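Chemist: Below you'll find the structure I mean.
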Amino acid sequence: SESPWRVTQRGWNWAYSYKTSVSEWQSLLARAKNGDREAEWEVADRYADGCKDNRGKVIVRRSPAKAAQWRAAEHGSGPAQNNLGILLGNGNGVRKNVEEALVWLRKAFRAGDPCARQNIAITYRENGDLKTAVKWFRKAAEASDGDALIQLGIHYYWGKGVRKDPRAAVHCFRTATKAKNISGVGRDDAFFFLGIAYHEGCGVRASMPSAMRFFKRANIDGDHAAANGMLRKLRP
């Protein structure tokens, strides 16, 4: 695969996941306008995803452009700088500007945002600089980011931006399955890629029972399309 990291990507939709009332929104907006850095970040976040009240009425209409306009990033909020970098890198509601995206993501990294390293790596990867992407995935993995460890393993397994090293890849995937700082979907992906390694006999001795076991673990909630596809393919 030209882009093996896309195999397990999911189409998340976080739109209108926040719940708030009109009075709560007005209070938050007033604090933000008075220069409260935390409130500025929350306002930007609410504009990014949108808000509804408990009855489902839209209180804040989703607007990535307005999310990007709020000043929290300029005031030094690491999470806001990270999110602004993502918006600029994706061109989500704003004009895409990869160079400026990396500026904000690096500021977020220096401000201590835990997600910045991996987002810098993803930005480089999405724009074709795989070697630099691997460098930043490694930095993130060394900082105990389990999700980044999976991405590093993917690059090792398929030799994208780094010398192909299936054994190192398997080590990454196996370590990620036990990581403390990892998302639930990330852990599922780690089991999935272990299943691929055992299925192909690459980096480990081929074992169909082990491959099936790891695919089943990856699809434990029934929502891992790639693992489910492999299970359907391999079942007699």
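In the structure tokens, chains take the letters A, B, ... in the order shown, each chain's residues start at 1, and ligands count up from 1 in the order shown.
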What's the 12 Å shell around range 37-53 of chain A, counting only C-alpha atoms, without same-chain residues fewer than 2 positions away, as number ranges by chain?
Modeler: A: 12-35, 55-84, 86-87, 92-94
Chemist: For the selection you just gave me, I'd like the residues written to a file as an mmCIF file, in the first residue's frame, keeping C-alpha atoms.
Modeler:
```
data_model
loop_
_atom_site.group_PDB
_atom_site.id
_atom_site.type_symbol
_atom_site.label_atom_id
_atom_site.label_comp_id
_atom_site.auth_asym_id
_atom_site.auth_seq_id
_atom_site.Cartn_x
_atom_site.Cartn_y
_atom_site.Cartn_z
ATOM 1 C CA TRP A 12 -15.134 10.425 12.849
ATOM 2 C CA ASN A 13 -17.778 13.118 13.097
ATOM 3 C CA TRP A 14 -17.613 15.136 16.306
ATOM 4 C CA ALA A 15 -20.046 17.832 15.114
ATOM 5 C CA TYR A 16 -22.331 19.137 17.866
ATOM 6 C CA SER A 17 -20.962 16.781 20.505
ATOM 7 C CA TYR A 18 -20.931 19.573 23.129
ATOM 8 C CA LYS A 19 -24.002 20.340 25.223
ATOM 9 C CA THR A 20 -24.567 23.826 26.651
ATOM 10 C CA SER A 21 -27.304 26.317 27.459
ATOM 11 C CA VAL A 22 -27.691 29.834 26.084
ATOM 12 C CA SER A 23 -26.715 31.357 29.433
ATOM 13 C CA GLU A 24 -23.641 29.134 29.760
ATOM 14 C CA TRP A 25 -22.517 30.055 26.244
ATOM 15 C CA GLN A 26 -23.048 33.775 26.841
ATOM 16 C CA SER A 27 -21.071 33.578 30.086
ATOM 17 C CA LEU A 28 -18.213 31.730 28.390
ATOM 18 C CA LEU A 29 -18.187 34.210 25.506
ATOM 19 C CA ALA A 30 -18.077 37.175 27.923
ATOM 20 C CA ARG A 31 -15.090 35.683 29.782
ATOM 21 C CA ALA A 32 -13.303 35.071 26.496
ATOM 22 C CA LYS A 33 -13.899 38.635 25.308
ATOM 23 C CA ASN A 34 -12.387 39.856 28.590
ATOM 24 C CA GLY A 35 -9.153 37.999 27.799
ATOM 25 C CA ARG A 55 -33.213 19.432 23.708
ATOM 26 C CA GLY A 56 -31.101 19.356 20.567
ATOM 27 C CA LYS A 57 -31.422 23.031 19.640
ATOM 28 C CA VAL A 58 -28.261 24.472 18.066
ATOM 29 C CA ILE A 59 -26.762 27.102 20.391
ATOM 30 C CA VAL A 60 -23.430 27.575 18.611
ATOM 31 C CA ARG A 61 -23.326 26.876 14.895
ATOM 32 C CA ARG A 62 -20.221 24.981 13.836
ATOM 33 C CA SER A 63 -17.662 27.317 12.222
ATOM 34 C CA PRO A 64 -14.010 26.257 11.851
ATOM 35 C CA ALA A 65 -13.273 29.751 10.498
ATOM 36 C CA LYS A 66 -14.499 31.394 13.720
ATOM 37 C CA ALA A 67 -12.633 28.761 15.730
ATOM 38 C CA ALA A 68 -9.415 29.828 14.013
ATOM 39 C CA GLN A 69 -10.063 33.520 14.708
ATOM 40 C CA TRP A 70 -10.087 33.251 18.491
ATOM 41 C CA ARG A 71 -6.963 34.583 20.160
ATOM 42 C CA ALA A 72 -6.169 31.775 22.623
ATOM 43 C CA ALA A 73 -3.381 30.458 20.394
ATOM 44 C CA GLU A 74 -1.716 33.861 20.277
ATOM 45 C CA HIS A 75 -1.984 34.067 24.059
ATOM 46 C CA GLY A 76 0.056 30.918 24.533
ATOM 47 C CA SER A 77 -2.531 28.162 25.040
ATOM 48 C CA GLY A 78 -0.849 24.936 23.919
ATOM 49 C CA PRO A 79 -4.084 23.072 23.086
ATOM 50 C CA ALA A 80 -5.348 26.078 21.104
ATOM 51 C CA GLN A 81 -2.070 26.328 19.201
ATOM 52 C CA ASN A 82 -2.263 22.613 18.443
ATOM 53 C CA ASN A 83 -5.846 22.864 17.176
ATOM 54 C CA LEU A 84 -5.083 25.948 15.080
ATOM 55 C CA ILE A 86 -4.500 21.196 12.617
ATOM 56 C CA LEU A 87 -7.089 23.552 11.087
ATOM 57 C CA ASN A 92 -10.699 23.000 7.485
ATOM 58 C CA GLY A 93 -12.752 26.197 7.294
ATOM 59 C CA VAL A 94 -9.647 28.284 6.655
#
```
Chemist: Kindly assemble as a Markdown table a list of the range 178-216 of chain A residues that lie within 12 Å of range 113-120 of chain A, each paired with its nearest atom pair and their distance in Å to one decimal, using only C-alpha atoms, sorted first by chain and then by ascending residue number.
Modeler:
```
| residue | atom | partner | partner_atom | distance |
| --- | --- | --- | --- | --- |
| A:Asn181 | CA | A:Pro114 | CA | 10.4 |
| A:Ile182 | CA | A:Cys115 | CA | 11.4 |
| A:Ser183 | CA | A:Cys115 | CA | 12.0 |
```
Chemist: Using only C-alpha atoms, determine which residues lie at most 12 Å from Gly184 in chain A, disregarding the query and same-chain residues fewer than 5 positions distant; provide the list as a ChimeraX atom specification.
Modeler: /A:146-147,176-179,189-191,217-221,223-224
Chemist: Please extract the residues of chain A with a backbone DSSP assignment of helix (DSSP H, G or I) and present them as a VMD selection string.
Modeler: chain A and resid 4 to 6 22 to 33 37 to 49 64 to 69 78 to 90 98 to 110 116 to 126 130 to 142 146 to 158 166 to 177 184 to 200 208 to 218 225 to 234
Chemist: Could you tell me how far CA of Gly85 in chain A lies from CA of Val98 in chain A, in Å and to one decimal?
Modeler: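 Between these atoms lies a distance of 8.4 Å.
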Chemist: Which residue gives the smallest distance to Leu130 in chain A among A:Trp104, A:Glu99, A:Met212, A:Glu2, with only C-alpha atoms counted?
Modeler: A:Glu2
Chemist: Need to verify the contact set: Arg167 in chain A, 8 Å, only C-alpha atoms, exclusion of same-chain residues closer than 5 positions in sequence. Can you return it as a list in words?
Modeler: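 Counting only C-alpha atoms, the residues come to Tyr157, Cys202, Gly203 and Val204 of chain A.
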Chemist: Those same residues - N, CA, C and O atoms - I'd like them written as a PDB file, in the first residue's frame.
Modeler:
```
ATOM      1  N   TYR A 157       7.347  -1.111   9.322  1.00  0.00           N
ATOM      2  CA  TYR A 157       6.855  -2.352   8.695  1.00  0.00           C
ATOM      3  C   TYR A 157       6.879  -2.248   7.172  1.00  0.00           C
ATOM      4  O   TYR A 157       7.262  -3.193   6.482  1.00  0.00           O
ATOM      5  N   CYS A 202       5.895 -11.701   8.748  1.00  0.00           N
ATOM      6  CA  CYS A 202       6.875 -10.646   8.516  1.00  0.00           C
ATOM      7  C   CYS A 202       7.250 -10.018   9.860  1.00  0.00           C
ATOM      8  O   CYS A 202       6.412  -9.379  10.503  1.00  0.00           O
ATOM      9  N   GLY A 203       8.489 -10.242  10.294  1.00  0.00           N
ATOM     10  CA  GLY A 203       8.929  -9.763  11.600  1.00  0.00           C
ATOM     11  C   GLY A 203       8.687 -10.757  12.710  1.00  0.00           C
ATOM     12  O   GLY A 203       9.234 -10.633  13.810  1.00  0.00           O
ATOM     13  N   VAL A 204       7.858 -11.763  12.441  1.00  0.00           N
ATOM     14  CA  VAL A 204       7.574 -12.857  13.374  1.00  0.00           C
ATOM     15  C   VAL A 204       7.331 -14.114  12.541  1.00  0.00           C
ATOM     16  O   VAL A 204       7.105 -14.037  11.329  1.00  0.00           O
TER      17      VAL A 204
END
```
Chemist: Give me the residues within 12 Å of range 159-165 of chain A as a ChimeraX atom specification, counting only C-alpha atoms and dropping any in the same chain fewer than 2 places off.
Modeler: /A:1-5,121,124-125,128-138,151-157,167-172,197,202-204
Chemist: Looking only at the backbone, which of the residues in range 20-223 of chain A does DSSP tag as strand (DSSP E), as a ChimeraX atom specification?
Modeler: /A:51-52,58-60
Chemist: What gap, in Å, lies between CA of Lys139 in chain A and CA of Ile122 in chain A?
Modeler: 12.6 Å
Chemist: With only C-alpha atoms counted and 12 Å as the cut-off, give the residues of range 4-79 of chain A in contact with range 226-230 of chain A, each with its shortest interatomic distance in Å and the pair that gives it, as a tab-separated table.
Modeler:
```
residue	atom	partner	partner_atom	distance
A:Pro4	CA	A:Ala226	CA	11.6
A:Trp5	CA	A:Ala226	CA	11.7
A:Arg6	CA	A:Ala226	CA	10.3
A:Val7	CA	A:Ala226	CA	6.8
A:Thr8	CA	A:Ala226	CA	6.0
A:Gln9	CA	A:Ala226	CA	9.1
A:Arg10	CA	A:Ala226	CA	9.9
```
Chemist: Could you write out the selected residues, including N, CA, C and O atoms, as a PDB file, in the first residue's frame?
Modeler:
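Saved result, part-v5.pdb, follows:
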```pdb
ATOM      1  N   PRO A   4      -0.134   2.931   3.957  1.00  0.00           N
ATOM      2  CA  PRO A   4      -0.683   1.887   4.836  1.00  0.00           C
ATOM      3  C   PRO A   4      -1.335   2.427   6.098  1.00  0.00           C
ATOM      4  O   PRO A   4      -2.174   1.745   6.702  1.00  0.00           O
ATOM      5  N   TRP A   5      -0.975   3.645   6.511  1.00  0.00           N
ATOM      6  CA  TRP A   5      -1.586   4.231   7.713  1.00  0.00           C
ATOM      7  C   TRP A   5      -3.070   4.551   7.514  1.00  0.00           C
ATOM      8  O   TRP A   5      -3.784   4.800   8.472  1.00  0.00           O
ATOM      9  N   ARG A   6      -3.518   4.538   6.246  1.00  0.00           N
ATOM     10  CA  ARG A   6      -4.935   4.831   5.992  1.00  0.00           C
ATOM     11  C   ARG A   6      -5.827   3.590   6.143  1.00  0.00           C
ATOM     12  O   ARG A   6      -7.052   3.708   6.140  1.00  0.00           O
ATOM     13  N   VAL A   7      -5.205   2.419   6.268  1.00  0.00           N
ATOM     14  CA  VAL A   7      -5.966   1.170   6.310  1.00  0.00           C
ATOM     15  C   VAL A   7      -6.981   1.165   7.448  1.00  0.00           C
ATOM     16  O   VAL A   7      -8.104   0.684   7.293  1.00  0.00           O
ATOM     17  N   THR A   8      -6.585   1.713   8.597  1.00  0.00           N
ATOM     18  CA  THR A   8      -7.462   1.650   9.766  1.00  0.00           C
ATOM     19  C   THR A   8      -8.118   2.992  10.094  1.00  0.00           C
ATOM     20  O   THR A   8      -8.777   3.119  11.132  1.00  0.00           O
ATOM     21  N   GLN A   9      -7.965   3.993   9.228  1.00  0.00           N
ATOM     22  CA  GLN A   9      -8.559   5.293   9.522  1.00  0.00           C
ATOM     23  C   GLN A   9     -10.076   5.220   9.533  1.00  0.00           C
ATOM     24  O   GLN A   9     -10.677   4.543   8.716  1.00  0.00           O
ATOM     25  N   ARG A  10     -10.661   5.948  10.471  1.00  0.00           N
ATOM     26  CA  ARG A  10     -12.116   5.968  10.617  1.00  0.00           C
ATOM     27  C   ARG A  10     -12.641   7.353  10.302  1.00  0.00           C
ATOM     28  O   ARG A  10     -11.953   8.342  10.502  1.00  0.00           O
TER      29      ARG A  10
END
```
Chemist: CA of Gly222 in chain A to CA of Leu149 in chain A: how many Å, to one decimal?
Modeler: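 So the two atoms, CA of Gly222 in chain A and CA of Leu149 in chain A, lie 23.6 Å apart.
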